[in-house]
Each structure stands twice: as C-alpha cells, then as structure tokens.
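Dropping data05.cif in here (mmCIF, C-alpha atoms):
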```cif
data_final
#
loop_
_atom_site.label_atom_id
_atom_site.label_comp_id
_atom_site.auth_asym_id
_atom_site.auth_seq_id
_atom_site.Cartn_x
_atom_site.Cartn_y
_atom_site.Cartn_z
CA MET A 1 33.40 90.26 66.01
CA LEU A 2 34.80 89.16 62.66
CA ARG A 3 38.12 90.88 63.45
CA LEU A 4 38.34 89.04 66.77
CA LEU A 5 37.69 85.74 65.04
CA ALA A 6 40.40 86.49 62.47
CA LEU A 7 42.84 87.50 65.23
CA TYR A 8 42.07 84.36 67.26
CA THR A 9 42.56 82.16 64.18
CA ALA A 10 45.89 83.82 63.35
CA LEU A 11 47.12 83.48 66.93
CA SER A 12 46.07 79.84 67.19
CA LEU A 13 47.85 79.00 63.94
CA GLY A 14 50.96 80.77 65.18
CA ALA A 15 50.80 78.81 68.43
CA ASN A 16 50.60 75.47 66.65
CA PRO A 17 53.88 73.66 67.51
CA ALA A 18 53.70 71.48 64.41
CA ALA A 19 53.46 74.55 62.19
CA ALA A 20 56.19 76.33 64.15
CA LEU A 21 58.72 73.53 63.64
CA ASP A 22 60.47 74.19 60.33
CA LEU A 23 63.54 72.04 59.87
CA SER A 24 64.06 73.05 56.22
CA ALA A 25 66.71 75.65 57.07
CA LEU A 26 68.72 72.91 58.82
CA LYS A 27 69.12 70.75 55.69
CA THR A 28 72.87 71.33 55.46
CA GLY A 29 75.96 69.17 55.67
CA GLU A 30 75.17 65.82 57.27
CA MET A 31 71.45 66.61 57.23
CA LYS A 32 71.27 67.57 53.54
CA LYS A 33 69.49 64.31 52.69
CA MET A 34 66.78 64.90 55.32
CA VAL A 35 63.26 64.99 53.86
CA VAL A 36 61.18 67.65 55.65
CA TYR A 37 57.40 67.65 55.24
CA ASP A 38 55.35 70.80 54.65
CA GLN A 39 52.58 69.23 56.73
CA PRO A 40 53.35 66.72 59.52
CA LEU A 41 52.24 63.15 58.78
CA ALA A 42 50.21 60.95 61.10
CA THR A 43 52.08 57.95 62.50
CA PRO A 44 50.45 54.52 62.76
CA ASP A 45 49.51 53.10 66.13
CA LEU A 46 50.93 49.60 65.65
CA PRO A 47 52.53 47.49 68.39
CA PHE A 48 56.17 46.55 68.84
CA VAL A 49 57.82 44.77 71.77
CA ASP A 50 60.58 45.47 74.26
CA ALA A 51 63.33 43.11 75.48
CA GLU A 52 60.95 41.57 78.04
CA GLY A 53 58.16 41.02 75.51
CA GLY A 54 56.05 43.98 76.66
CA SER A 55 53.92 45.67 74.04
CA HIS A 56 54.45 49.32 73.07
CA SER A 57 53.41 51.73 70.33
CA LEU A 58 54.40 55.22 69.22
CA ARG A 59 51.43 56.50 71.23
CA ASP A 60 53.48 55.74 74.38
CA PHE A 61 55.81 58.61 73.46
CA ARG A 62 53.23 61.36 72.83
CA GLY A 63 54.32 64.57 74.47
CA GLN A 64 57.99 63.86 73.75
CA PRO A 65 59.99 64.55 70.60
CA VAL A 66 61.14 61.21 69.16
CA LEU A 67 63.96 60.10 66.93
CA LEU A 68 62.68 56.73 65.69
CA ASN A 69 65.45 54.64 64.14
CA PHE A 70 64.63 51.52 62.12
CA TRP A 71 67.64 49.21 62.08
CA ALA A 72 68.81 45.58 62.06
CA THR A 73 71.70 43.71 63.67
CA TRP A 74 72.95 42.55 60.24
CA CYS A 75 72.95 46.08 58.76
CA ALA A 76 76.48 47.56 58.79
CA PRO A 77 75.40 51.23 58.44
CA CYS A 78 72.82 50.69 61.20
CA ARG A 79 75.48 49.30 63.50
CA ALA A 80 77.83 52.17 62.65
CA GLU A 81 75.36 54.88 63.70
CA MET A 82 74.13 53.19 66.90
CA PRO A 83 76.84 54.56 69.26
CA ALA A 84 76.06 58.14 68.12
CA LEU A 85 72.34 57.52 68.67
CA ASP A 86 73.21 56.31 72.17
CA ARG A 87 75.14 59.53 72.82
CA ALA A 88 72.23 61.61 71.46
CA GLN A 89 69.90 59.91 73.95
CA ALA A 90 72.37 60.48 76.79
CA ASP A 91 72.89 64.15 75.90
CA LEU A 92 69.36 65.17 74.89
CA GLY A 93 67.22 62.76 76.91
CA PRO A 94 67.21 65.17 79.87
CA ARG A 95 65.69 67.78 77.50
CA GLY A 96 62.89 65.37 76.59
CA LEU A 97 64.21 63.66 73.45
CA LYS A 98 63.42 59.96 73.20
CA VAL A 99 65.58 57.95 70.82
CA VAL A 100 63.58 54.84 69.94
CA THR A 101 65.66 52.17 68.23
CA LEU A 102 63.45 49.58 66.57
CA ALA A 103 65.09 46.40 65.26
CA THR A 104 63.06 45.44 62.21
CA GLY A 105 62.64 41.88 60.96
CA ARG A 106 64.42 38.91 62.50
CA ASN A 107 66.69 40.30 65.19
CA PRO A 108 66.64 38.02 68.24
CA GLN A 109 66.96 39.83 71.57
CA ALA A 110 70.14 37.85 72.30
CA GLN A 111 71.76 39.30 69.16
CA ILE A 112 70.56 42.80 69.95
CA GLY A 113 71.90 42.48 73.50
CA ARG A 114 75.29 41.19 72.33
CA PHE A 115 75.65 44.00 69.82
CA PHE A 116 74.63 46.69 72.34
CA ASP A 117 77.11 45.25 74.86
CA GLN A 118 79.95 45.12 72.31
CA ALA A 119 79.23 48.65 71.07
CA GLY A 120 78.86 50.07 74.59
CA VAL A 121 75.25 51.13 73.95
CA VAL A 122 73.62 51.71 77.34
CA HIS A 123 71.00 54.44 76.89
CA LEU A 124 68.85 52.97 74.13
CA PRO A 125 65.84 50.67 74.31
CA ARG A 126 65.89 47.20 72.75
CA TYR A 127 62.62 47.32 70.84
CA GLN A 128 61.69 44.86 68.09
CA ASP A 129 59.30 44.98 65.15
CA GLU A 130 59.83 41.36 64.04
CA PRO A 131 56.79 41.20 61.75
CA ARG A 132 57.88 44.56 60.21
CA ALA A 133 54.31 45.82 60.64
CA LEU A 134 55.29 49.33 61.76
CA ALA A 135 58.16 49.50 59.26
CA ARG A 136 55.83 48.57 56.39
CA ALA A 137 53.12 50.96 57.54
CA MET A 138 55.68 53.78 57.61
CA GLY A 139 57.07 52.95 54.17
CA VAL A 140 60.48 51.74 55.33
CA ALA A 141 61.98 49.85 52.39
CA GLY A 142 65.67 49.80 53.36
CA LEU A 143 67.74 50.32 56.48
CA PRO A 144 68.62 52.40 58.36
CA VAL A 145 65.80 54.94 58.35
CA SER A 146 65.45 57.63 60.99
CA VAL A 147 62.11 59.37 61.49
CA LEU A 148 61.73 62.61 63.44
CA ILE A 149 58.43 62.76 65.32
CA ASP A 150 57.10 65.89 67.04
CA ARG A 151 55.51 66.01 70.48
CA GLU A 152 52.06 65.52 68.93
CA GLY A 153 53.13 62.17 67.46
CA HIS A 154 53.45 63.36 63.85
CA GLU A 155 56.31 62.59 61.47
CA VAL A 156 57.97 65.89 60.55
CA ALA A 157 61.08 64.62 58.74
CA ARG A 158 62.95 61.49 57.73
CA ILE A 159 66.48 60.45 56.81
CA ILE A 160 67.06 57.41 54.65
CA GLY A 161 70.47 55.85 55.19
CA GLU A 162 73.16 56.29 57.79
CA ALA A 163 73.55 59.63 59.55
CA ASP A 164 76.29 60.99 61.78
CA TRP A 165 74.22 61.89 64.83
CA ASP A 166 77.32 63.40 66.46
CA SER A 167 77.67 66.04 63.70
CA ALA A 168 76.92 69.68 64.42
CA GLU A 169 74.20 69.63 61.74
CA ALA A 170 72.45 66.60 63.26
CA ARG A 171 72.62 68.06 66.74
CA ALA A 172 71.10 71.32 65.44
CA VAL A 173 68.16 69.33 64.05
CA LEU A 174 67.69 67.44 67.33
CA ASP A 175 67.98 70.70 69.30
CA ALA A 176 65.22 72.21 67.15
CA LEU A 177 63.06 69.13 67.65
CA THR A 178 63.44 69.33 71.44
CA ARG A 179 62.67 73.09 71.48
CA GLU A 180 59.40 72.82 69.53
#
```
If you convert what's in this file into structure tokens, what do you get?
Amino acid sequence: MLRLLALYTALSLGANPAAALDLSALKTGEMKKMVVYDQPLATPDLPFVDAEGGSHSLRDFRGQPVLLNFWATWCAPCRAEMPALDRAQADLGPRGLKVVTLATGRNPQAQIGRFFDQAGVVHLPRYQDEPRALARAMGVAGLPVSVLIDREGHEVARIIGEADWDSAEARAVLDALTRE
C-alpha cells in the first residue's frame, strides 16, 4: 500500500503542468533577462477594464497561457514592442496563447486607439489599469514589463524592459508556454 501511495504521488507530481514547465533552458539571446521562478507565483484577482468599460480580471483567462504586458502610450519601449506582441497574438492565438496588453496609469482609450491604429495593431485587446492596482499588486515599478502566466493562472516568468517578441528565442519561450 505504501508503495502504491509513493507511486501515485510521484506520478501526480510528474503530471503537474506547473512543475513540468521549465523555461530556464530558454534564457538565451533575447530572453537572457527573463526571470524564471522555481515555484509559480499566484496572481492577484484585481479588476481592469476594456475599451467599452467592461470589467475583467486575470481569472477570465484561466485555462489559457497568457503573456501579460504592462505598458503605457507615453512609453517609447512599450510602443516599440507592441507590433511584435500583435504578431505573437496573431500567430499563437490559435494555439491558445492570449496576449493581454494592459495600459497602466493614465492612458485614455482615445490615445490607446490612435496608437493601435497608427501602429497597425489589430489583434490585441485595449485593456486599462488606470488606478495601477494590478500593476502595483504585481510589483511593476517601471515599463514595459511582460509576465508569463501558465494555464493555472500562475506567474512562471517575467521580463523587465522591452523584448523582441519576433526573435527566435522569444518565440521558443512562447511555444513552450503554449505546450505546457
């Protein structure tokens, strides 16, 4: 009986998707600055709004791998990476990836819309965290910050600063996240 219990425990740990996702080996090139956690971190369940004023939270995306990007319309590096994030959503959305772009602080929807139109961004949501509640709760001090969230809703890695989401290294990370 004890052997069966030990075997069951070992198998259940091996089947744990959070434990199976190890992005550490992918910390090369463009992804070298990625911080990967030994244990996934819980994400807060705080509200943010969409372009129509509807309320959302990270809980809405459970079951999907998420690339959560904190950005602002006035942030040059944020603006620079947005077209690549749009392409990542277009390419990997059919595999389940959800790129969630969250404008943090004062970013009126009109400004977000103008920027998305000028940059040709068509696949990304126009979410806002005007009070910065979610950003503060997740320890976002500067912008941009990209947070990788597994299907269970846990933060597994983070990148502080601009990233080239079109790079082979970034796509390898996103592929791994969608396979988990």
(request) Have a look at A:Ala90, A:Ala119, A:Leu23, A:Leu97 and name the one nearest to Val35 in chain A; count all atoms listed in the file. (result)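 For Val35 in chain A, the nearest of the given residues is A:Leu23.
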I would like the residues chosen by the PyMOL selection byres ((chain A and resi 29) around 10) on the shown file; could you give them as a compact mmCIF listing (two decimals) with C-alpha atoms, in the coordinates of the input?
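Wrote it out as part_9.txt, contents follow:
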```txt
# COMPACT_ATOMS: atom_id res chain seq x y z
CA LEU A 26 68.72 72.91 58.82
CA LYS A 27 69.12 70.75 55.69
CA THR A 28 72.87 71.33 55.46
CA GLU A 30 75.17 65.82 57.27
CA MET A 31 71.45 66.61 57.23
CA LYS A 32 71.27 67.57 53.54
CA LYS A 33 69.49 64.31 52.69
CA SER A 167 77.67 66.04 63.70
CA ALA A 168 76.92 69.68 64.42
CA GLU A 169 74.20 69.63 61.74
CA ALA A 170 72.45 66.60 63.26
```
(request) May I ask which of the residues A:Ala135, A:Ala25, A:Val100, A:Ala51 is the closest one to Leu148 in chain A, counting all atoms listed in the file? (result) A:Val100
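CA of Ile149 in chain A to CA of His56 in chain A spans 16.0 Å [interatomic distance, one decimal].
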Could you spell out the hits of the PyMOL selection byres ((chain A and resi 58-69) around 6) on the shown file, as a PDB file with C-alpha atoms, keeping the file's coordinate frame?
```pdb
ATOM      1  CA  SER A  57      53.410  51.730  70.330  1.00  0.00           C
ATOM      2  CA  PHE A  70      64.630  51.520  62.120  1.00  0.00           C
ATOM      3  CA  GLY A  96      62.890  65.370  76.590  1.00  0.00           C
ATOM      4  CA  LEU A  97      64.210  63.660  73.450  1.00  0.00           C
ATOM      5  CA  LYS A  98      63.420  59.960  73.200  1.00  0.00           C
ATOM      6  CA  VAL A  99      65.580  57.950  70.820  1.00  0.00           C
ATOM      7  CA  VAL A 100      63.580  54.840  69.940  1.00  0.00           C
ATOM      8  CA  THR A 101      65.660  52.170  68.230  1.00  0.00           C
ATOM      9  CA  LEU A 102      63.450  49.580  66.570  1.00  0.00           C
ATOM     10  CA  VAL A 145      65.800  54.940  58.350  1.00  0.00           C
ATOM     11  CA  SER A 146      65.450  57.630  60.990  1.00  0.00           C
ATOM     12  CA  VAL A 147      62.110  59.370  61.490  1.00  0.00           C
ATOM     13  CA  LEU A 148      61.730  62.610  63.440  1.00  0.00           C
ATOM     14  CA  ILE A 149      58.430  62.760  65.320  1.00  0.00           C
ATOM     15  CA  ASP A 150      57.100  65.890  67.040  1.00  0.00           C
ATOM     16  CA  ARG A 151      55.510  66.010  70.480  1.00  0.00           C
ATOM     17  CA  GLU A 152      52.060  65.520  68.930  1.00  0.00           C
ATOM     18  CA  GLY A 153      53.130  62.170  67.460  1.00  0.00           C
ATOM     19  CA  THR A 178      63.440  69.330  71.440  1.00  0.00           C
TER      20      THR A 178
END
```
(request) List the residues matched by the PyMOL selection byres ((chain A and resi 143) around 8) in the displayed structure as a PyMOL selection string, ordered by chain and then by residue number. (result) chain A and resi 70-72+75+77-78+140-142+144-145+160-161
Fewer than 6 positions away in the same chain doesn't count, so skip those; otherwise give me all residues within 10 Å of Gly53 in chain A, counting all atoms listed in the file, as a PDB file with C-alpha atoms, in the coordinates of the input.
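Okay, out04.pdb is ready:
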```pdb
ATOM      1  CA  GLN A 109      66.960  39.830  71.570  1.00  0.00           C
ATOM      2  CA  TYR A 127      62.620  47.320  70.840  1.00  0.00           C
ATOM      3  CA  GLN A 128      61.690  44.860  68.090  1.00  0.00           C
TER       4      GLN A 128
END
```
(message) So, with all atoms listed in the file as the atoms that count, which of A:Ala157, A:Val36, A:Ala80, A:Ala172 lies closest to Phe115 in chain A?
(response) A:Ala80
(request) Rank A:Ala137, A:Val122, A:Leu85, A:Ile112 by their smallest atom-to-atom distance to Ala163 in chain A, using all atoms listed in the file, and report the top residue only. (result)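 Using all atoms listed in the file, Ala163 in chain A sits closest to A:Leu85.
One finds CA of Arg132 in chain A at 17.8 Å from CA of Arg158 in chain A.
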(message) Could you tell me how far CA of Pro94 in chain A sits from CA of Asn107 in chain A, in Å to one decimal place?
(response)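 Between these atoms lies a distance of 28.9 Å.
Comparing A:Met34, A:Ala133, A:Ala110, A:Leu41 by their smallest distance to Val156 in chain A, the closest is A:Leu41 (using only C-alpha atoms).
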